[in-house]
Every structure is written in C-alpha cells, then in structure tokens.
Amino acid sequence: MTYTFKEFSTNAIFNIGNENDLFDFKQGKQCELYTFIWAKSEPVDLIIDNVPLTLPPYSILALTPIQYLQYIKGENIIVYQFNSEFYCIKDHDQEVSCVGILFFGNINIPIIHLNTIEQQKFDTLHDVFIDELETEDNIQAEMLRMLMARFIIKSTRLLKAKEGITESPKSSKVDLLREFNYLVEQHFKTEHSVSFYADKLFRSPKTLSNNFAKLNRSPLQIIHDRIVLEAQRQLVYTDKTAKEIAYDIGFEDASHLSRLFKKNTSVSPSDYKKRLKTTA
C-alpha cells in the first residue's frame, strides 16, 4: 500500500510505498525525488546510473533526485520518497540535511546496513510513520518532517560508523567536502573551474586542494568526474548527440568534452554510445 502526504502551501510531497512503486523504474529514469530503498528480507537488484547493484537484505540505499534508477527485481521492499519542499527547506544541521553525507557528501552510493537491533528500531520508526500518515491534523506535516529527520540522523550515524568517519559535523574536511560536492551539483553545467567554487566557499584554490589531499581526489577531479558522469547518463538515457550533450554541460566546443571524457573513461563519447548499442 502507498501512503502519500501533500502540503499544497509548500508543494511538499512525501510517499511511503513498496516494490510496486518501483515498477515505474523498470526502464531506467531519474528518481526526481530523494529516495530511500529499504530491502527487508530479500536482496533487491537495481541499476544505478548504469551500474548494476544488489542491495543486500536488511539494508537501506539513499539516492538523490538526479540519479538514474532502474528496478530489476526484488520483493518485500519499503520505499520512502520526498521532494526538497518537504524536507530540504527546513533549517537542518548540514550533516542531516539534503547536503549531508547520505546525499551529496558521499563519494560512493551510500548503503546503510542494519543489524538485528537496528532492524527493530527502524521497524518501530516505520510504524510511527504509517500512524502519522493515517492521522490528518494541523501538525501532521511537522511530525512527518521530524520523523524524517530522525530517520536521516539514524541512517547517517550508521553510515559514519561503517565508513569510519569520526570527525565532528563541523570538522573542516568533512564539512568542506559536503559543501563542495553540493556546489558542484548546482553549478557543474556552467562552472568548470576550481576557482569559482573556492570563491563560493571563501577559500583559495590551493586551500581546497590541501584539504582534499587526504581524500585522494582533487577538487578539479571531483568537477571532472561529475561532468563525465552527466555525459554518461545522457549517453545512456537520452538520444542526444555528443555535441548536444557537450553544449548542455557547458562546452561550446564538443571536442573539449570529448577529450575529458576519453581521459576519464579511455573511450570517446561516440565509442561509448556504440558500446551501449552492442551490449543492449
């Protein structure tokens, strides 16, 4: 059963559903909403941004609206989806906001694994969600947002423990990575230089590079990786030509994107497209 909350004054949307809500993703397409996919007792086979992934039982996957999702198979799934108007407009601490490590602050696709104790805690929280969705009153919206904040806080703690992140939310390196990733997400189609983002963060390009040194990814590499990822997404999921994609990502000369793409993937955009057709 699918539960839907809508707040017309803010255009907020929040849904709780199951595997039936993933049938729309039998063909890969953008999530368009912040999405949690929770595998209960069975594995779930997905393709995220054209990369196959099996979500193990008793684990939760976090996806952003811009990621491409394809549902292959799996049952006994819980799906949470919401838009930025529902949660991201709230004044949350950065660590548990839509800029937090569950979304734009994580290099890899974040998967939260639940042990037996955590399963019980998340099951209880889910029951409270359902109870609130069935209780319509003038504080329902605030209650649902509070519950989502709790869900994100608990998920963030588990992910930090898994990845060994011990720095505090205000720690410069972790916080700077989140802010930088989020800014890149907002501007990568028009701004390709580190200096632009450094100015936005009130840092020098050299300071950014020094802070990112221990992450084994330079600021410029993060920008380039995001550009190439977008090019790959559009090559896979649209009929745009390489030239059209280059223009969409802010390159007046398509050869510039082609060189960057080949440097990162070892093939040109056109060859990448051909490979997709031969493996389809």
# chains A, B, ... in the order shown; residues from 1 in each chain; ligands from 1
call {"tool": "residues_around", "arguments": {"residues": "stretch 218-234 of chain A", "least_positions_apart": "2", "cutoff": "8 Å", "atoms": "only C-alpha atoms", "output": "ChimeraX atom specification"}}
result
/A:49-50,68,181,184-185,188-189,192-194,208-209,212-213,215-216,236-240,245-246,249,260-261,264,269
call {"tool": "closest_atom_pairs", "arguments": {"of": "stretch 144-261 of chain A", "to": "stretch 116-138 of chain A", "cutoff": "12 Å", "atoms": "only C-alpha atoms", "output": "tab-separated table"}}
result
residue	atom	partner	partner_atom	distance
A:Leu144	CA	A:Glu132	CA	6.9
A:Arg145	CA	A:Phe129	CA	10.0
A:Met146	CA	A:Phe129	CA	10.1
A:Leu147	CA	A:Phe129	CA	6.9
A:Met148	CA	A:Phe129	CA	8.6
A:Ala149	CA	A:Leu125	CA	11.3
A:Arg150	CA	A:Leu125	CA	8.5
A:Phe151	CA	A:Leu125	CA	7.6
A:Ile152	CA	A:Phe122	CA	11.0
A:Ile153	CA	A:Phe122	CA	11.6
A:Lys154	CA	A:Phe122	CA	8.7
A:Ser155	CA	A:Phe122	CA	9.4
A:Arg157	CA	A:Glu118	CA	11.4
A:Leu158	CA	A:Glu118	CA	9.2
call {"tool": "select_by_dssp", "arguments": {"residues": "stretch 77-246 of chain A", "states": "alpha helix (DSSP H)", "output": "NGL selection string"}}
result
:A and (116-133 or 140-163 or 172-187 or 194-200 or 205-212 or 219-237 or 242-246)
call {"tool": "closest_residue", "arguments": {"among": "A:Asp199, A:Glu75, A:Glu191, A:Glu252", "to": "A:Glu19", "atoms": "only C-alpha atoms"}}
result
A:Glu75
call {"tool": "residues_around", "arguments": {"residues": "stretch 52-60 of chain A", "least_positions_apart": "5", "cutoff": "8 Å", "atoms": "only C-alpha atoms", "output": "list in words"}}
result
Phe36, Ile37, Trp38, Ala39, Lys40, Ser41, Glu42, Pro43, Val44, Asp45, Leu46, Ile47, Ile111, Ile112, His113, Leu114, Asn115 and Gln119 of chain A
call {"tool": "residues_around", "arguments": {"residues": "A:Pro110", "least_positions_apart": "3", "cutoff": "9 Å", "atoms": "only C-alpha atoms", "output": "PDB file with N, CA and C atoms, in the first residue's frame"}}
result
ATOM      1  N   ILE A  60      19.583  -0.316   3.551  1.00  0.00           N
ATOM      2  CA  ILE A  60      18.872   0.838   3.001  1.00  0.00           C
ATOM      3  C   ILE A  60      19.814   1.585   2.057  1.00  0.00           C
ATOM      4  N   LEU A  61      19.290   1.962   0.895  1.00  0.00           N
ATOM      5  CA  LEU A  61      20.040   2.703  -0.115  1.00  0.00           C
ATOM      6  C   LEU A  61      19.471   4.109  -0.227  1.00  0.00           C
ATOM      7  N   ALA A  62      20.348   5.115  -0.257  1.00  0.00           N
ATOM      8  CA  ALA A  62      19.924   6.511  -0.393  1.00  0.00           C
ATOM      9  C   ALA A  62      20.283   7.028  -1.782  1.00  0.00           C
ATOM     10  N   LEU A  63      19.315   7.654  -2.454  1.00  0.00           N
ATOM     11  CA  LEU A  63      19.516   8.186  -3.802  1.00  0.00           C
ATOM     12  C   LEU A  63      19.053   9.639  -3.871  1.00  0.00           C
ATOM     13  N   ILE A 101      25.918  13.619   4.236  1.00  0.00           N
ATOM     14  CA  ILE A 101      26.708  12.545   3.630  1.00  0.00           C
ATOM     15  C   ILE A 101      25.832  11.475   2.984  1.00  0.00           C
ATOM     16  N   LEU A 102      24.542  11.408   3.321  1.00  0.00           N
ATOM     17  CA  LEU A 102      23.673  10.439   2.662  1.00  0.00           C
ATOM     18  C   LEU A 102      23.418  10.803   1.213  1.00  0.00           C
ATOM     19  N   PHE A 103      23.565  12.068   0.878  1.00  0.00           N
ATOM     20  CA  PHE A 103      23.212  12.513  -0.465  1.00  0.00           C
ATOM     21  C   PHE A 103      24.435  13.045  -1.206  1.00  0.00           C
ATOM     22  N   ASN A 106      28.767  12.110  -0.179  1.00  0.00           N
ATOM     23  CA  ASN A 106      29.370  10.784  -0.176  1.00  0.00           C
ATOM     24  C   ASN A 106      29.899  10.458  -1.561  1.00  0.00           C
ATOM     25  N   ILE A 107      31.115   9.965  -1.638  1.00  0.00           N
ATOM     26  CA  ILE A 107      31.718   9.646  -2.925  1.00  0.00           C
ATOM     27  C   ILE A 107      31.035   8.435  -3.550  1.00  0.00           C
ATOM     28  N   LEU A 159      25.991   5.003   8.764  1.00  0.00           N
ATOM     29  CA  LEU A 159      26.906   5.127   7.623  1.00  0.00           C
ATOM     30  C   LEU A 159      28.269   5.637   8.078  1.00  0.00           C
TER      31      LEU A 159
END
call {"tool": "atom_distance", "arguments": {"atom1": "atom CA of A:Phe202", "atom2": "atom CA of A:Pro65"}}
result
27.7 Å
call {"tool": "closest_residue", "arguments": {"among": "A:Ile13, A:Ala161, A:Ile48, A:Ile109", "to": "A:Cys88", "atoms": "only C-alpha atoms"}}
result
A:Ile13
call {"tool": "atom_distance", "arguments": {"atom1": "atom CA of A:Val51", "atom2": "atom CA of A:Ile16"}}
result
25.2 Å
